[in-house]
Each structure stands twice: as structure tokens, then as C-alpha cells.
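Raw contents of structure.cif, mmCIF, C-alpha atoms:
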data_structure
loop_
_atom_site.group_PDB
_atom_site.id
_atom_site.type_symbol
_atom_site.label_atom_id
_atom_site.label_comp_id
_atom_site.auth_asym_id
_atom_site.auth_seq_id
_atom_site.Cartn_x
_atom_site.Cartn_y
_atom_site.Cartn_z
ATOM 1 C CA MET A 1 11.039 -7.175 59.863
ATOM 2 C CA PRO A 2 9.229 -10.535 59.622
ATOM 3 C CA LYS A 3 6.193 -11.117 61.774
ATOM 4 C CA VAL A 4 6.788 -13.487 64.684
ATOM 5 C CA TYR A 5 3.996 -15.799 65.803
ATOM 6 C CA LEU A 6 4.140 -16.757 69.446
ATOM 7 C CA ASN A 7 1.742 -19.681 69.324
ATOM 8 C CA GLU A 8 0.039 -22.100 66.968
ATOM 9 C CA LYS A 9 -3.325 -20.303 67.200
ATOM 10 C CA GLN A 10 -1.753 -17.153 65.736
ATOM 11 C CA ARG A 11 -0.205 -19.214 62.923
ATOM 12 C CA MET A 12 -3.573 -20.803 62.148
ATOM 13 C CA CYS A 13 -5.316 -17.420 62.072
ATOM 14 C CA HIS A 14 -2.611 -16.087 59.747
ATOM 15 C CA ARG A 15 -3.007 -19.034 57.363
ATOM 16 C CA LEU A 16 -6.815 -18.634 57.433
ATOM 17 C CA ALA A 17 -6.610 -14.896 56.727
ATOM 18 C CA ASN A 18 -4.224 -15.430 53.804
ATOM 19 C CA TRP A 19 -6.381 -18.196 52.354
ATOM 20 C CA VAL A 20 -9.561 -16.079 52.649
ATOM 21 C CA GLN A 21 -7.838 -13.117 50.980
ATOM 22 C CA GLY A 22 -6.785 -15.406 48.130
ATOM 23 C CA GLN A 23 -10.309 -16.776 47.728
ATOM 24 C CA LYS A 24 -11.679 -13.230 47.703
ATOM 25 C CA ARG A 25 -9.338 -12.327 44.832
ATOM 26 C CA LEU A 26 -10.135 -15.487 42.856
ATOM 27 C CA LEU A 27 -13.895 -14.950 43.168
ATOM 28 C CA LYS A 28 -13.692 -11.136 42.907
ATOM 29 C CA LEU A 29 -15.437 -10.613 46.253
ATOM 30 C CA SER A 30 -15.098 -7.602 48.522
ATOM 31 C CA ASP A 31 -15.103 -7.409 52.311
ATOM 32 C CA ALA A 32 -18.579 -5.896 52.001
ATOM 33 C CA ASP A 33 -19.832 -8.932 50.043
ATOM 34 C CA LEU A 34 -18.519 -11.359 52.650
ATOM 35 C CA ALA A 35 -19.717 -9.227 55.543
ATOM 36 C CA LYS A 36 -23.247 -9.115 54.170
ATOM 37 C CA GLU A 37 -23.326 -12.912 53.823
ATOM 38 C CA HIS A 38 -21.891 -13.330 57.331
ATOM 39 C CA GLY A 39 -24.312 -10.826 58.841
ATOM 40 C CA ILE A 40 -21.720 -8.344 60.079
ATOM 41 C CA SER A 41 -20.601 -4.892 58.984
ATOM 42 C CA GLN A 42 -17.974 -4.337 56.299
ATOM 43 C CA SER A 43 -15.695 -2.681 58.839
ATOM 44 C CA ALA A 44 -15.980 -5.684 61.175
ATOM 45 C CA MET A 45 -15.038 -8.081 58.355
ATOM 46 C CA SER A 46 -12.145 -5.876 57.309
ATOM 47 C CA ARG A 47 -10.911 -5.706 60.910
ATOM 48 C CA LYS A 48 -11.113 -9.495 61.334
ATOM 49 C CA LEU A 49 -9.009 -10.034 58.215
ATOM 50 C CA ARG A 50 -6.535 -7.253 58.968
ATOM 51 C CA GLU A 51 -6.012 -8.261 62.612
ATOM 52 C CA GLU A 52 -6.212 -11.992 61.814
ATOM 53 C CA SER A 53 -8.619 -12.465 64.701
ATOM 54 C CA PHE A 54 -11.359 -15.031 64.108
ATOM 55 C CA SER A 55 -13.960 -16.881 66.136
ATOM 56 C CA PHE A 56 -14.973 -20.459 65.465
ATOM 57 C CA GLU A 57 -18.158 -19.054 63.901
ATOM 58 C CA ASP A 58 -15.999 -17.085 61.445
ATOM 59 C CA TYR A 59 -14.002 -20.215 60.603
ATOM 60 C CA VAL A 60 -17.198 -22.188 59.946
ATOM 61 C CA PHE A 61 -18.560 -19.379 57.765
ATOM 62 C CA PHE A 62 -15.411 -19.284 55.619
ATOM 63 C CA VAL A 63 -15.327 -23.069 55.238
ATOM 64 C CA GLN A 64 -18.996 -23.200 54.240
ATOM 65 C CA ARG A 65 -18.622 -20.234 51.909
ATOM 66 C CA PHE A 66 -15.462 -21.321 50.076
ATOM 67 C CA GLN A 67 -15.631 -25.126 50.528
ATOM 68 C CA PRO A 68 -11.902 -25.937 50.669
ATOM 69 C CA ASP A 69 -10.590 -29.410 49.946
ATOM 70 C CA ASN A 70 -9.220 -31.583 52.754
ATOM 71 C CA ASP A 71 -5.593 -30.688 52.043
ATOM 72 C CA THR A 72 -6.380 -26.983 52.366
ATOM 73 C CA LEU A 73 -8.207 -27.545 55.654
ATOM 74 C CA ARG A 74 -5.250 -29.518 56.987
ATOM 75 C CA TYR A 75 -2.901 -26.714 55.961
ATOM 76 C CA ILE A 76 -5.020 -24.038 57.661
ATOM 77 C CA ILE A 77 -5.228 -25.903 60.957
ATOM 78 C CA GLY A 78 -1.597 -27.000 60.789
ATOM 79 C CA LEU A 79 -1.813 -30.770 60.398
#
I'd like the structure from this file rewritten - as C-alpha cells, please.
Amino acid sequence: MPKVYLNEKQRMCHRLANWVQGQKRLLKLSDADLAKEHGISQSAMSRKLREESFSFEDYVFFVQRFQPDNDTLRYIIGL
């Protein structure tokens, strides 16, 4: 059964999680690698990505880490 998103925030978090997972695969990074850079535990990073639950601090970290182009940023935030 397809996942249903009740609001735009959930859609944005889903797009961010998918984009981060793709960047991880492209750069051959693990959750542990990202967690260490972000200053959190591997399990916390894994949980954030699995539950698609991010703070603004997480968003800023991912943008600084992966440096997306403007079109990608617009896609993630739904513009």
C-alpha cells in the first residue's frame, strides 16, 4: 500500500530523506560516516533517515555536506 502524506512537511522530509540516501550511495558513505560528521550517534542518524524526521539543523547539515544545486533545493522544499 502506498504511503500517504498528510501535509507538506511530511512530503518535504520524504524528499530530503530520499535525496540524502541517494547522495550516500553516490559517495559511498554510511550512516556512521554522516553521524560522525554531524556529531550524533550512528543509531540516531539511521533513525532520522528511516523515520524521515529532521530538524532544521539536520537540513542545514545535509545541504552543507552535499551542496545541492538550486533545482535540487527547490525540489526538496517543494517549490
For A:Leu79: contacts at 12 Å, only C-alpha atoms, fewer than 5 positions along chain excluded, given as a PyMOL selection string: chain A and resi 8+11-12+70-74
Long-range neighbours of A:Asp33 as a list of chain:residue names, 12 Å cut-off, all atoms listed in the file, 3 positions minimum in chain: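 Those residues are A:Lys24, A:Leu27, A:Lys28, A:Leu29, A:Ser30, A:Lys36, A:Glu37, A:His38, A:Gly39, A:Ile40, A:Ser41, A:Gln42, A:Ser43, A:Met45, A:Ser46, A:Arg65.
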Reference answer for the PyMOL selection byres ((chain A and resi 51) around 12), as number ranges by chain: A: 10, 13-14, 16-18, 43-50, 52-54
Spatial neighbours of A:Val63, 12 Å, all atoms listed in the file, chain gap at least 3 places, as a PyMOL selection string: chain A and resi 16+19-20+23+38+56-60+66-70+72-73+76-77
Nearest residue to A:Ala35 from the set A:Ser55, A:Phe61, A:Leu6, A:Tyr75 (distances using all atoms listed in the file):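 Smallest separation from A:Ala35 among the options: A:Phe61.
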Nearest-residue call for A:Gly78, choices A:Asp31, A:Phe62, A:Gly22, A:Arg15, using all atoms listed in the file: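 Counting all atoms listed in the file, the residue closest to A:Gly78 is A:Arg15.
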Need the axis-aligned box for stretch 35-46 of chain A with 5 Å each side, so what are the centre and edges in Å to one decimal, as lines of an AutoDock Vina configuration file?
center_x = -18.2
center_y = -8.0
center_z = 57.5
size_x = 22.2
size_y = 20.6
size_z = 17.4
Dump N, CA and C atoms of stretch 24-68 of chain A from the given block, as a compact mmCIF listing (two decimals), in the first residue's frame.
# COMPACT_ATOMS: atom_id res chain seq x y z
N LYS A 24 24.28 9.41 -0.32
CA LYS A 24 25.09 8.43 0.41
C LYS A 24 25.58 7.33 -0.53
N ARG A 25 24.69 6.83 -1.38
CA ARG A 25 25.08 5.77 -2.32
C ARG A 25 26.11 6.27 -3.33
N LEU A 26 25.88 7.46 -3.88
CA LEU A 26 26.81 8.02 -4.87
C LEU A 26 28.22 8.20 -4.30
N LEU A 27 28.29 8.66 -3.05
CA LEU A 27 29.58 8.96 -2.42
C LEU A 27 30.10 7.82 -1.56
N LYS A 28 29.35 6.70 -1.54
CA LYS A 28 29.73 5.51 -0.77
C LYS A 28 29.97 5.86 0.71
N LEU A 29 28.99 6.55 1.30
CA LEU A 29 29.03 6.92 2.70
C LEU A 29 28.06 6.05 3.49
N SER A 30 28.37 5.83 4.74
CA SER A 30 27.47 5.07 5.61
C SER A 30 26.78 6.03 6.58
N ASP A 31 25.78 5.53 7.27
CA ASP A 31 25.13 6.33 8.31
C ASP A 31 26.15 6.73 9.37
N ALA A 32 27.08 5.82 9.67
CA ALA A 32 28.10 6.11 10.68
C ALA A 32 29.00 7.27 10.25
N ASP A 33 29.35 7.31 8.96
CA ASP A 33 30.17 8.41 8.45
C ASP A 33 29.46 9.75 8.62
N LEU A 34 28.20 9.80 8.20
CA LEU A 34 27.43 11.03 8.32
C LEU A 34 27.20 11.41 9.77
N ALA A 35 26.91 10.43 10.59
CA ALA A 35 26.65 10.70 12.01
C ALA A 35 27.87 11.30 12.68
N LYS A 36 29.04 10.78 12.37
CA LYS A 36 30.27 11.30 12.96
C LYS A 36 30.47 12.76 12.57
N GLU A 37 30.26 13.08 11.30
CA GLU A 37 30.40 14.46 10.84
C GLU A 37 29.37 15.38 11.50
N HIS A 38 28.17 14.85 11.72
CA HIS A 38 27.07 15.65 12.28
C HIS A 38 27.16 15.73 13.81
N GLY A 39 27.96 14.88 14.40
CA GLY A 39 28.12 14.89 15.85
C GLY A 39 27.03 14.17 16.61
N ILE A 40 26.45 13.15 15.97
CA ILE A 40 25.43 12.33 16.61
C ILE A 40 25.82 10.87 16.47
N SER A 41 25.07 9.99 17.12
CA SER A 41 25.37 8.57 17.03
C SER A 41 24.87 7.99 15.71
N GLN A 42 25.43 6.85 15.34
CA GLN A 42 25.01 6.18 14.10
C GLN A 42 23.54 5.79 14.19
N SER A 43 23.11 5.34 15.35
CA SER A 43 21.71 4.93 15.50
C SER A 43 20.77 6.13 15.38
N ALA A 44 21.19 7.28 15.86
CA ALA A 44 20.36 8.49 15.73
C ALA A 44 20.23 8.89 14.26
N MET A 45 21.33 8.82 13.51
CA MET A 45 21.29 9.16 12.08
C MET A 45 20.40 8.18 11.34
N SER A 46 20.57 6.90 11.62
CA SER A 46 19.76 5.88 10.98
C SER A 46 18.29 6.09 11.27
N ARG A 47 17.96 6.43 12.51
CA ARG A 47 16.56 6.67 12.89
C ARG A 47 16.00 7.89 12.16
N LYS A 48 16.77 8.96 12.08
CA LYS A 48 16.31 10.15 11.37
C LYS A 48 15.95 9.82 9.92
N LEU A 49 16.82 9.07 9.25
CA LEU A 49 16.58 8.72 7.86
C LEU A 49 15.44 7.74 7.69
N ARG A 50 15.35 6.77 8.59
CA ARG A 50 14.29 5.76 8.50
C ARG A 50 12.92 6.37 8.79
N GLU A 51 12.85 7.23 9.82
CA GLU A 51 11.57 7.82 10.21
C GLU A 51 11.27 9.11 9.46
N GLU A 52 12.23 9.57 8.65
CA GLU A 52 12.08 10.80 7.87
C GLU A 52 11.68 11.95 8.78
N SER A 53 12.41 12.08 9.88
CA SER A 53 12.15 13.12 10.87
C SER A 53 13.41 13.95 11.06
N PHE A 54 13.37 15.22 10.58
CA PHE A 54 14.56 16.05 10.58
C PHE A 54 14.28 17.39 11.24
N SER A 55 15.31 17.93 11.88
CA SER A 55 15.25 19.30 12.39
C SER A 55 15.84 20.22 11.33
N PHE A 56 15.71 21.51 11.56
CA PHE A 56 16.32 22.47 10.64
C PHE A 56 17.84 22.31 10.65
N GLU A 57 18.39 22.01 11.82
CA GLU A 57 19.84 21.77 11.94
C GLU A 57 20.26 20.60 11.05
N ASP A 58 19.47 19.55 11.00
CA ASP A 58 19.76 18.41 10.13
C ASP A 58 19.74 18.84 8.67
N TYR A 59 18.72 19.61 8.30
CA TYR A 59 18.60 20.10 6.92
C TYR A 59 19.84 20.90 6.53
N VAL A 60 20.25 21.82 7.41
CA VAL A 60 21.43 22.64 7.13
C VAL A 60 22.67 21.76 7.00
N PHE A 61 22.81 20.78 7.85
CA PHE A 61 23.96 19.87 7.77
C PHE A 61 24.00 19.17 6.42
N PHE A 62 22.87 18.62 5.98
CA PHE A 62 22.84 17.90 4.71
C PHE A 62 23.14 18.83 3.53
N VAL A 63 22.61 20.03 3.56
CA VAL A 63 22.86 20.99 2.48
C VAL A 63 24.34 21.37 2.45
N GLN A 64 24.92 21.64 3.60
CA GLN A 64 26.35 21.98 3.64
C GLN A 64 27.21 20.80 3.23
N ARG A 65 26.82 19.62 3.63
CA ARG A 65 27.62 18.42 3.35
C ARG A 65 27.59 18.05 1.87
N PHE A 66 26.40 18.08 1.27
CA PHE A 66 26.25 17.58 -0.10
C PHE A 66 26.17 18.69 -1.16
N GLN A 67 25.97 19.93 -0.75
CA GLN A 67 25.95 21.09 -1.64
C GLN A 67 25.11 20.88 -2.90
N PRO A 68 23.80 20.76 -2.73
CA PRO A 68 22.92 20.56 -3.90
C PRO A 68 22.81 21.83 -4.74
